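Structure data follow from protein_22.cif (mmCIF, C-alpha atoms):
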data_model
#
loop_
_atom_site.group_PDB
_atom_site.id
_atom_site.type_symbol
_atom_site.label_atom_id
_atom_site.label_comp_id
_atom_site.auth_asym_id
_atom_site.auth_seq_id
_atom_site.Cartn_x
_atom_site.Cartn_y
_atom_site.Cartn_z
ATOM 1 C CA MET A 10 -6.961 38.757 -20.536
ATOM 2 C CA ASN A 11 -3.354 38.656 -19.488
ATOM 3 C CA GLN A 12 -0.431 38.332 -21.814
ATOM 4 C CA SER A 13 0.188 34.662 -21.188
ATOM 5 C CA SER A 14 -3.301 33.576 -22.230
ATOM 6 C CA ASN A 15 -3.183 35.955 -25.193
ATOM 7 C CA HIS A 16 -0.038 34.244 -26.309
ATOM 8 C CA GLY A 17 -1.127 30.761 -25.325
ATOM 9 C CA TRP A 18 -1.866 29.389 -28.760
ATOM 10 C CA MET A 19 1.161 31.122 -30.244
ATOM 11 C CA LYS A 20 3.408 29.510 -27.626
ATOM 12 C CA THR A 21 1.906 26.140 -28.434
ATOM 13 C CA ALA A 22 2.428 26.698 -32.164
ATOM 14 C CA ALA A 23 6.004 27.860 -31.546
ATOM 15 C CA GLY A 24 6.649 24.725 -29.495
ATOM 16 C CA TYR A 25 5.287 22.541 -32.277
ATOM 17 C CA ALA A 26 7.457 24.299 -34.872
ATOM 18 C CA ALA A 27 10.557 23.779 -32.734
ATOM 19 C CA GLY A 28 9.757 20.091 -32.240
ATOM 20 C CA LEU A 29 9.044 19.580 -35.939
ATOM 21 C CA LEU A 30 12.320 21.230 -36.943
ATOM 22 C CA PHE A 31 14.185 19.134 -34.374
ATOM 23 C CA GLY A 32 12.535 15.924 -35.585
ATOM 24 C CA LEU A 33 13.285 16.764 -39.220
ATOM 25 C CA GLY A 34 16.892 17.471 -38.288
ATOM 26 C CA LEU A 35 17.285 14.149 -36.486
ATOM 27 C CA ALA A 36 15.695 12.273 -39.392
ATOM 28 C CA ILE A 37 17.657 13.958 -42.204
ATOM 29 C CA SER A 38 20.925 13.568 -40.314
ATOM 30 C CA GLY A 39 20.393 9.851 -39.785
ATOM 31 C CA MET A 40 20.274 10.072 -35.996
ATOM 32 C CA THR A 41 17.015 8.089 -36.091
ATOM 33 C CA ASP A 42 19.234 5.141 -37.018
ATOM 34 C CA PRO A 43 21.003 3.595 -33.993
ATOM 35 C CA ALA A 44 23.535 1.969 -36.348
ATOM 36 C CA ARG A 45 24.803 5.444 -37.344
ATOM 37 C CA VAL A 46 25.188 6.459 -33.709
ATOM 38 C CA LEU A 47 26.899 3.222 -32.669
ATOM 39 C CA GLY A 48 29.121 3.476 -35.750
ATOM 40 C CA PHE A 49 30.346 6.829 -34.456
ATOM 41 C CA LEU A 50 30.916 5.443 -30.964
ATOM 42 C CA ASP A 51 32.837 2.441 -32.300
ATOM 43 C CA LEU A 52 36.310 3.920 -32.711
ATOM 44 C CA ALA A 53 37.883 0.481 -33.070
ATOM 45 C CA GLY A 54 35.488 -0.584 -35.833
ATOM 46 C CA ALA A 55 34.456 0.906 -39.181
ATOM 47 C CA TRP A 56 34.167 4.432 -37.770
ATOM 48 C CA ASP A 57 31.196 6.494 -38.996
ATOM 49 C CA PRO A 58 31.821 10.255 -38.655
ATOM 50 C CA THR A 59 28.198 11.307 -39.337
ATOM 51 C CA LEU A 60 27.359 12.175 -35.709
ATOM 52 C CA MET A 61 30.360 14.509 -35.577
ATOM 53 C CA PHE A 62 28.895 16.538 -38.456
ATOM 54 C CA VAL A 63 25.456 16.545 -36.807
ATOM 55 C CA LEU A 64 26.758 17.740 -33.456
ATOM 56 C CA GLY A 65 29.151 20.208 -35.076
ATOM 57 C CA GLY A 66 26.446 21.694 -37.299
ATOM 58 C CA ALA A 67 24.002 21.899 -34.410
ATOM 59 C CA VAL A 68 26.435 23.447 -31.903
ATOM 60 C CA ILE A 69 27.802 26.058 -34.320
ATOM 61 C CA THR A 70 24.312 27.046 -35.513
ATOM 62 C CA THR A 71 23.052 27.293 -31.937
ATOM 63 C CA PHE A 72 26.157 29.218 -30.835
ATOM 64 C CA ILE A 73 25.526 31.852 -33.522
ATOM 65 C CA GLY A 74 21.747 31.746 -33.047
ATOM 66 C CA TYR A 75 21.933 32.264 -29.270
ATOM 67 C CA ARG A 76 24.230 35.279 -29.747
ATOM 68 C CA LEU A 77 21.578 36.892 -31.939
ATOM 69 C CA VAL A 78 18.716 35.875 -29.636
ATOM 70 C CA PHE A 79 20.393 37.206 -26.485
ATOM 71 C CA LYS A 80 20.678 40.676 -28.015
ATOM 72 C CA ARG A 81 17.016 40.918 -27.044
ATOM 73 C CA SER A 82 16.096 41.350 -23.417
ATOM 74 C CA ALA A 83 13.236 38.835 -23.473
ATOM 75 C CA PRO A 84 11.754 36.035 -25.631
ATOM 76 C CA LEU A 85 9.463 37.053 -28.515
ATOM 77 C CA LEU A 86 6.358 35.543 -26.909
ATOM 78 C CA GLY A 87 6.905 36.928 -23.435
ATOM 79 C CA GLY A 88 8.392 35.625 -20.211
ATOM 80 C CA VAL A 89 12.107 35.474 -19.560
ATOM 81 C CA PHE A 90 15.031 33.459 -20.901
ATOM 82 C CA GLN A 91 15.148 30.405 -18.640
ATOM 83 C CA LEU A 92 18.773 29.379 -18.446
ATOM 84 C CA PRO A 93 20.216 26.779 -16.071
ATOM 85 C CA THR A 94 21.477 28.329 -12.839
ATOM 86 C CA LYS A 95 23.386 25.365 -11.410
ATOM 87 C CA ARG A 96 27.145 25.711 -11.477
ATOM 88 C CA ALA A 97 28.474 22.746 -9.469
ATOM 89 C CA LEU A 98 30.352 19.951 -11.218
ATOM 90 C CA ASP A 99 28.997 17.461 -8.694
ATOM 91 C CA ALA A 100 28.641 13.697 -8.467
ATOM 92 C CA LYS A 101 25.002 13.854 -9.532
ATOM 93 C CA LEU A 102 25.867 15.570 -12.819
ATOM 94 C CA LEU A 103 28.847 13.367 -13.623
ATOM 95 C CA GLY A 104 27.342 10.132 -12.299
ATOM 96 C CA GLY A 105 24.124 10.774 -14.205
ATOM 97 C CA ALA A 106 26.025 11.553 -17.402
ATOM 98 C CA ALA A 107 28.105 8.380 -16.946
ATOM 99 C CA LEU A 108 24.988 6.193 -16.592
ATOM 100 C CA PHE A 109 23.362 7.900 -19.572
ATOM 101 C CA GLY A 110 26.441 7.219 -21.709
ATOM 102 C CA ILE A 111 26.316 3.491 -20.878
ATOM 103 C CA GLY A 112 22.647 3.315 -21.910
ATOM 104 C CA TRP A 113 23.406 5.339 -25.045
ATOM 105 C CA GLY A 114 26.299 3.022 -25.935
ATOM 106 C CA LEU A 115 24.161 -0.092 -25.415
ATOM 107 C CA SER A 116 21.227 1.082 -27.533
ATOM 108 C CA GLY A 117 22.430 3.834 -29.851
ATOM 109 C CA TYR A 118 19.427 5.865 -28.674
ATOM 110 C CA CYS A 119 19.536 9.073 -26.681
ATOM 111 C CA PRO A 120 16.129 10.531 -25.690
ATOM 112 C CA GLY A 121 15.554 12.671 -28.834
ATOM 113 C CA PRO A 122 16.068 9.957 -31.454
ATOM 114 C CA ALA A 123 14.264 7.354 -29.308
ATOM 115 C CA ILE A 124 11.153 9.549 -29.165
ATOM 116 C CA ALA A 125 11.452 10.755 -32.774
ATOM 117 C CA SER A 126 11.546 7.115 -33.928
ATOM 118 C CA ILE A 127 8.065 6.380 -32.495
ATOM 119 C CA GLY A 128 6.727 6.518 -36.076
ATOM 120 C CA GLY A 129 8.665 3.315 -36.781
ATOM 121 C CA LEU A 130 7.686 1.748 -33.486
ATOM 122 C CA SER A 131 9.028 -1.717 -32.671
ATOM 123 C CA LEU A 132 8.863 -3.817 -29.517
ATOM 124 C CA PRO A 133 12.496 -3.107 -28.496
ATOM 125 C CA LEU A 134 11.967 0.654 -28.948
ATOM 126 C CA LEU A 135 8.735 0.523 -26.948
ATOM 127 C CA ALA A 136 10.576 -1.345 -24.177
ATOM 128 C CA MET A 137 13.247 1.342 -24.102
ATOM 129 C CA LEU A 138 10.722 4.200 -24.017
ATOM 130 C CA VAL A 139 8.860 2.598 -21.087
ATOM 131 C CA THR A 140 11.969 2.109 -18.937
ATOM 132 C CA MET A 141 13.309 5.538 -19.930
ATOM 133 C CA VAL A 142 10.167 7.146 -18.501
ATOM 134 C CA LEU A 143 10.424 4.935 -15.393
ATOM 135 C CA GLY A 144 14.034 6.091 -15.115
ATOM 136 C CA TRP A 145 12.941 9.737 -15.196
ATOM 137 C CA PHE A 146 10.524 9.078 -12.321
ATOM 138 C CA ALA A 147 13.238 7.210 -10.409
ATOM 139 C CA ALA A 148 15.725 10.065 -10.890
ATOM 140 C CA ARG A 149 13.123 12.505 -9.572
ATOM 141 C CA ARG A 150 12.656 10.393 -6.448
ATOM 142 C CA LEU A 151 16.414 10.031 -5.976
ATOM 143 C CA SER A 152 16.814 13.806 -6.303
ATOM 144 C CA ALA A 153 14.044 14.653 -3.836
ATOM 145 C CA MET B 26 34.333 8.008 -46.459
ATOM 146 C CA ASP B 27 30.656 8.486 -47.248
ATOM 147 C CA TRP B 28 30.471 12.193 -48.020
ATOM 148 C CA MET B 29 26.724 12.142 -48.709
ATOM 149 C CA ALA B 30 26.052 10.752 -45.238
ATOM 150 C CA SER B 31 28.243 13.468 -43.716
ATOM 151 C CA LEU B 32 26.489 16.183 -45.747
ATOM 152 C CA TYR B 33 23.074 14.957 -44.620
ATOM 153 C CA GLY B 34 24.419 14.914 -41.072
ATOM 154 C CA LEU B 35 25.564 18.511 -41.379
ATOM 155 C CA VAL B 36 22.243 19.675 -42.876
ATOM 156 C CA GLY B 37 20.283 17.864 -40.158
ATOM 157 C CA GLY B 38 22.571 19.317 -37.503
ATOM 158 C CA VAL B 39 21.938 22.846 -38.776
ATOM 159 C CA LEU B 40 18.170 22.193 -38.588
ATOM 160 C CA ILE B 41 18.575 21.027 -34.983
ATOM 161 C CA GLY B 42 20.525 24.229 -34.268
ATOM 162 C CA LEU B 43 17.777 26.329 -35.863
ATOM 163 C CA SER B 44 15.217 24.521 -33.699
ATOM 164 C CA ALA B 45 17.237 25.273 -30.550
ATOM 165 C CA THR B 46 17.654 28.909 -31.615
ATOM 166 C CA TRP B 47 13.946 29.291 -32.364
ATOM 167 C CA LEU B 48 12.854 27.737 -29.059
ATOM 168 C CA MET B 49 15.083 30.157 -27.145
ATOM 169 C CA ALA B 50 14.020 33.130 -29.296
ATOM 170 C CA ALA B 51 10.289 32.449 -29.037
ATOM 171 C CA LEU B 52 9.828 30.846 -25.608
ATOM 172 C CA GLY B 53 13.138 31.393 -23.819
ATOM 173 C CA ARG B 54 13.718 27.671 -23.364
ATOM 174 C CA ILE B 55 16.645 25.292 -23.771
ATOM 175 C CA ALA B 56 15.941 22.637 -26.421
ATOM 176 C CA GLY B 57 16.804 19.664 -24.218
ATOM 177 C CA ILE B 58 14.643 16.659 -24.982
ATOM 178 C CA SER B 59 15.050 14.880 -21.636
ATOM 179 C CA GLY B 60 14.144 18.113 -19.826
ATOM 180 C CA ILE B 61 11.193 19.095 -22.023
ATOM 181 C CA VAL B 62 9.621 15.626 -22.161
ATOM 182 C CA GLY B 63 10.856 14.302 -18.807
ATOM 183 C CA ASN B 64 9.499 17.254 -16.841
ATOM 184 C CA LEU B 65 6.255 17.126 -18.821
ATOM 185 C CA ILE B 66 5.675 13.501 -17.840
ATOM 186 C CA THR B 67 6.971 13.494 -14.263
ATOM 187 C CA GLN B 68 5.746 16.937 -13.142
ATOM 188 C CA ARG B 69 2.990 18.063 -15.549
ATOM 189 C CA PRO B 70 3.856 21.701 -14.783
ATOM 190 C CA LYS B 71 0.668 23.766 -14.668
ATOM 191 C CA GLY B 72 0.542 26.440 -17.363
ATOM 192 C CA ASP B 73 3.836 25.176 -18.743
ATOM 193 C CA SER B 74 2.779 21.921 -20.363
ATOM 194 C CA ALA B 75 1.048 22.873 -23.646
ATOM 195 C CA TRP B 76 4.216 23.907 -25.489
ATOM 196 C CA ARG B 77 5.947 20.754 -24.219
ATOM 197 C CA VAL B 78 3.170 18.528 -25.592
ATOM 198 C CA ALA B 79 3.306 20.462 -28.873
ATOM 199 C CA PHE B 80 7.112 20.077 -29.037
ATOM 200 C CA LEU B 81 6.789 16.344 -28.378
ATOM 201 C CA LEU B 82 4.204 15.961 -31.165
ATOM 202 C CA GLY B 83 6.407 17.997 -33.506
ATOM 203 C CA LEU B 84 9.423 15.837 -32.670
ATOM 204 C CA ILE B 85 7.492 12.656 -33.486
ATOM 205 C CA SER B 86 5.979 14.128 -36.661
ATOM 206 C CA GLY B 87 9.333 15.309 -38.093
ATOM 207 C CA PRO B 88 10.435 11.888 -39.405
ATOM 208 C CA LEU B 89 6.845 11.117 -40.484
ATOM 209 C CA VAL B 90 6.700 14.311 -42.542
ATOM 210 C CA LEU B 91 10.002 13.383 -44.157
ATOM 211 C CA MET B 92 8.630 9.944 -45.044
ATOM 212 C CA ALA B 93 5.397 11.453 -46.391
ATOM 213 C CA LEU B 94 7.345 13.869 -48.590
ATOM 214 C CA GLY B 95 9.127 10.942 -50.200
ATOM 215 C CA GLY B 96 12.276 11.621 -52.179
ATOM 216 C CA GLY B 97 14.466 9.442 -49.981
ATOM 217 C CA LEU B 98 15.780 12.167 -47.674
ATOM 218 C CA GLY B 99 16.632 9.775 -44.858
ATOM 219 C CA ASN B 100 20.161 8.794 -43.850
ATOM 220 C CA VAL B 101 19.914 5.265 -42.445
ATOM 221 C CA ALA B 102 23.280 3.477 -42.683
ATOM 222 C CA GLY B 103 23.333 1.069 -45.613
ATOM 223 C CA SER B 104 19.924 2.177 -46.934
ATOM 224 C CA PRO B 105 20.092 5.966 -47.385
ATOM 225 C CA GLY B 106 16.488 6.324 -48.622
ATOM 226 C CA GLU B 107 15.088 5.156 -45.298
ATOM 227 C CA VAL B 108 14.241 7.521 -42.467
ATOM 228 C CA ILE B 109 14.024 5.364 -39.317
ATOM 229 C CA GLY B 110 16.529 2.604 -38.600
ATOM 230 C CA ALA B 111 16.003 -0.638 -36.691
ATOM 231 C CA PRO B 112 16.785 -0.900 -32.958
ATOM 232 C CA ALA B 113 20.257 -2.226 -32.181
ATOM 233 C CA GLY B 114 19.147 -4.955 -29.796
ATOM 234 C CA GLY B 115 16.309 -7.008 -28.415
ATOM 235 C CA VAL B 116 13.781 -6.194 -25.726
ATOM 236 C CA GLY B 117 16.011 -7.242 -22.815
ATOM 237 C CA LEU B 118 18.944 -5.033 -23.833
ATOM 238 C CA MET B 119 16.630 -2.106 -24.532
ATOM 239 C CA LEU B 120 14.899 -2.384 -21.155
ATOM 240 C CA VAL B 121 18.277 -1.988 -19.456
ATOM 241 C CA ALA B 122 19.443 0.764 -21.825
ATOM 242 C CA GLY B 123 16.218 2.739 -21.374
ATOM 243 C CA LEU B 124 16.489 2.662 -17.595
ATOM 244 C CA LEU B 125 20.110 3.866 -17.731
ATOM 245 C CA VAL B 126 19.218 6.649 -20.181
ATOM 246 C CA GLY B 127 16.222 7.735 -18.082
ATOM 247 C CA VAL B 128 17.946 7.682 -14.686
ATOM 248 C CA GLY B 129 21.153 9.124 -16.128
ATOM 249 C CA THR B 130 19.603 12.054 -17.974
ATOM 250 C CA GLY B 131 17.297 12.705 -15.001
ATOM 251 C CA LEU B 132 20.132 12.862 -12.460
ATOM 252 C CA GLY B 133 22.510 14.560 -14.898
ATOM 253 C CA SER B 134 19.953 17.228 -15.880
ATOM 254 C CA GLY B 135 20.254 16.669 -19.606
ATOM 255 C CA CYS B 136 21.134 14.565 -22.605
ATOM 256 C CA THR B 137 22.775 14.952 -25.996
ATOM 257 C CA SER B 138 20.541 17.908 -26.875
ATOM 258 C CA GLY B 139 20.395 19.873 -23.613
ATOM 259 C CA HIS B 140 24.058 19.405 -22.663
ATOM 260 C CA GLY B 141 25.554 18.361 -26.009
ATOM 261 C CA VAL B 142 23.968 20.982 -28.290
ATOM 262 C CA CYS B 143 22.552 23.855 -26.208
ATOM 263 C CA GLY B 144 25.014 23.601 -23.316
ATOM 264 C CA LEU B 145 28.116 23.461 -25.506
ATOM 265 C CA ALA B 146 26.755 26.376 -27.574
ATOM 266 C CA ARG B 147 26.463 28.385 -24.320
ATOM 267 C CA LEU B 148 29.997 27.272 -23.371
ATOM 268 C CA ALA B 149 28.535 26.043 -20.070
ATOM 269 C CA PRO B 150 31.153 24.226 -17.929
ATOM 270 C CA ARG B 151 28.580 21.755 -16.521
ATOM 271 C CA SER B 152 27.507 20.781 -20.036
ATOM 272 C CA MET B 153 31.103 20.398 -21.219
ATOM 273 C CA ALA B 154 31.800 18.091 -18.274
ATOM 274 C CA ALA B 155 28.586 16.105 -18.795
ATOM 275 C CA THR B 156 29.148 15.768 -22.553
ATOM 276 C CA GLY B 157 32.722 14.605 -22.023
ATOM 277 C CA MET B 158 31.534 12.072 -19.459
ATOM 278 C CA PHE B 159 28.664 10.559 -21.444
ATOM 279 C CA LEU B 160 30.775 10.396 -24.612
ATOM 280 C CA LEU B 161 33.506 8.615 -22.656
ATOM 281 C CA THR B 162 31.244 5.999 -21.067
ATOM 282 C CA ALA B 163 29.413 5.465 -24.382
ATOM 283 C CA LEU B 164 32.717 4.878 -26.223
ATOM 284 C CA VAL B 165 33.894 2.467 -23.511
ATOM 285 C CA THR B 166 30.526 0.669 -23.511
ATOM 286 C CA VAL B 167 30.615 0.140 -27.277
ATOM 287 C CA TYR B 168 34.244 -1.023 -27.123
ATOM 288 C CA ILE B 169 33.484 -3.546 -24.379
ATOM 289 C CA SER B 170 30.269 -4.839 -25.922
ATOM 290 C CA ARG B 171 31.508 -5.088 -29.500
ATOM 291 C CA HIS B 172 35.190 -5.886 -29.200
ATOM 292 C CA LEU B 173 35.659 -7.599 -25.830
ATOM 293 C CA LEU B 174 32.344 -9.406 -25.407
ATOM 294 C CA GLY B 175 31.654 -9.757 -29.129
ATOM 295 C CA LEU B 176 28.026 -8.721 -28.697
ATOM 296 C CA GLY B 177 26.216 -7.334 -31.709
ATOM 297 C CA GLY B 178 25.287 -3.853 -30.588
ATOM 298 C CA GLY B 179 23.784 -3.125 -33.949
ATOM 299 C CA ALA B 180 25.348 -5.963 -35.892
#
Output the file's structure in the form of structure tokens.
Amino acid sequence: MNQSSNHGWMKTAAGYAAGLLFGLGLAISGMTDPARVLGFLDLAGAWDPTLMFVLGGAVITTFIGYRLVFKRSAPLLGGVFQLPTKRALDAKLLGGAALFGIGWGLSGYCPGPAIASIGGLSLPLLAMLVTMVLGWFAARRLSA
Amino acid sequence: MDWMASLYGLVGGVLIGLSATWLMAALGRIAGISGIVGNLITQRPKGDSAWRVAFLLGLISGPLVLMALGGGLGNVAGSPGEVIGAPAGGVGLMLVAGLLVGVGTGLGSGCTSGHGVCGLARLAPRSMAATGMFLLTALVTVYISRHLLGLGGGA
């Protein structure tokens, strides 16, 4: 038995734990409420700073956490650290980010909160999830 | 200012950061939702799908666990005890928004988590550029829809 199959169930459990923690974080912070997100994005309205605290807390924690993690030469459950290798600030990156921002501003949902909100599923959310997946397929075709 | 809402935001943000740290420590992966779930669905990578499915199930179960625990630990605007808020628009608006979010995060290789949290924490120039761009277009979109067109967008 090789190492990857030995660690198979542990990797799956680790993935679940990460997802659960992420989902709890989104829910406690209020990011599963599009009104909170849109309130942050609405600078000319009754501005809601919550998202700033969420992003700040997440970035600072991850910044410190990554520094500790990268003292090791490899992940705990084997394999290698898989970090993005692209460097170019190209039209695909910026154009994609621009389109994403428009969709985010229209709905108040980015992918994490949209998926985490499945437990409170509604027809509009279902509609968004369906076209989001279609969009992922379309982007893959456009990139090919 | 609603300090309780900000405190809950900070606590939730720290949990998201711990999740990102743990995923890198254990599996060596960036905690980017559009990448983890998008690649799972569009590519079904052999031998690399189980942890993605597990992450997805964990992500969905997080808010459900919080609801099951009770105690009103949610942070929905206007009704702090609730965990999941209502969508900001109808089916038509959401169909358009979903397509933009899907195509955009697919082409742009990431969303608020991959670029916004993990990328900024790595001080990655591509993620800084992407985060600046999607924040800018989101701010402009909300300004146009709410203040120029007078659309609800959550109201």
>> For Tyr75 (chain A), find every residue with an atom within 12 Å (counting only C-alpha atoms), except residues of its own chain fewer than 3 positions away, and show them as an MDAnalysis selection string.
In response: (chainID A and resid 67:72 78:81 84 90 92) or (chainID B and resid 42:51 53:56 142:148)
> Using only C-alpha atoms, which residues sit within 9 Å of Gly115 (chain B) once same-chain residues fewer than 6 positions away are excluded, as a PyMOL selection string?
Replying inline: chain A and resi 132-134
Keeping only C-alpha atoms, write the selected residues as a PDB file, keeping the file's coordinate frame.
ATOM      1  CA  LEU A 132       8.863  -3.817 -29.517  1.00  0.00           C
ATOM      2  CA  PRO A 133      12.496  -3.107 -28.496  1.00  0.00           C
ATOM      3  CA  LEU A 134      11.967   0.654 -28.948  1.00  0.00           C
TER       4      LEU A 134
END
> If you apply the PyMOL selection byres ((chain A and resi 24) around 12) to this file, what residues do you get, as a PyMOL selection string?
Replying inline: (chain A and resi 17-23+25-31+86) or (chain B and resi 44-56+61+73-84)
>> Can you spell out as a list in words the set of residues that the PyMOL selection byres ((chain A and resi 53) around 12) selects in the structure I just provided?
In response: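 Taken on the displayed file, the PyMOL selection byres ((chain A and resi 53) around 12) yields the residues Leu47, Gly48, Phe49, Leu50, Asp51, Leu52, Gly54, Ala55, Trp56 and Asp57 of chain A; Leu164, Val165, Val167, Tyr168, Ile169, Ser170, Arg171, His172 and Leu173 of chain B.
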>> Need the shell around Phe109 (chain A): protein/DNA/RNA residues with any atom at most 8 Å away, counting all atoms listed in the file. Skip same-chain ones fewer than 2 positions apart. Format as a PyMOL selection string?
In response: (chain A and resi 105-107+111-113) or (chain B and resi 125-130+136+159)
Take the residues from that selection and write them out as a compact mmCIF listing (two decimals), in the frame of the given file, keeping C-alpha atoms.
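In the end it all went to result_25.txt:
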# COMPACT_ATOMS: atom_id res chain seq x y z
CA GLY A 105 24.12 10.77 -14.20
CA ALA A 106 26.02 11.55 -17.40
CA ALA A 107 28.10 8.38 -16.95
CA ILE A 111 26.32 3.49 -20.88
CA GLY A 112 22.65 3.32 -21.91
CA TRP A 113 23.41 5.34 -25.04
CA LEU B 125 20.11 3.87 -17.73
CA VAL B 126 19.22 6.65 -20.18
CA GLY B 127 16.22 7.74 -18.08
CA VAL B 128 17.95 7.68 -14.69
CA GLY B 129 21.15 9.12 -16.13
CA THR B 130 19.60 12.05 -17.97
CA CYS B 136 21.13 14.56 -22.60
CA PHE B 159 28.66 10.56 -21.44
>> What does the structure give for the distance between CA of Leu98 (chain B) and CA of Gly38 (chain B), in Å to one decimal?
In response: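 Value for the CA of Leu98 (chain B)-CA of Gly38 (chain B) distance: 14.2 Å.
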> Which is closer to chain A than all the others in B:Val39, B:Val62, B:Ala93, B:Met153, using all atoms listed in the file?
Replying inline: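 Of the candidates, the smallest distance to chain A is held by B:Val39.
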>> Here's the selection I'm unsure about, the PyMOL selection byres ((chain A and resi 128) around 9); applied to the file above, which residues does it give, as number ranges by chain?
In response: A: 124-127, 129-130; B: 85-86, 88-89, 109
> B:Leu94, B:Ala155, B:Leu132, B:Leu160: which is nearest Lys101 (chain A), counting all atoms listed in the file?
Replying inline: B:Leu132
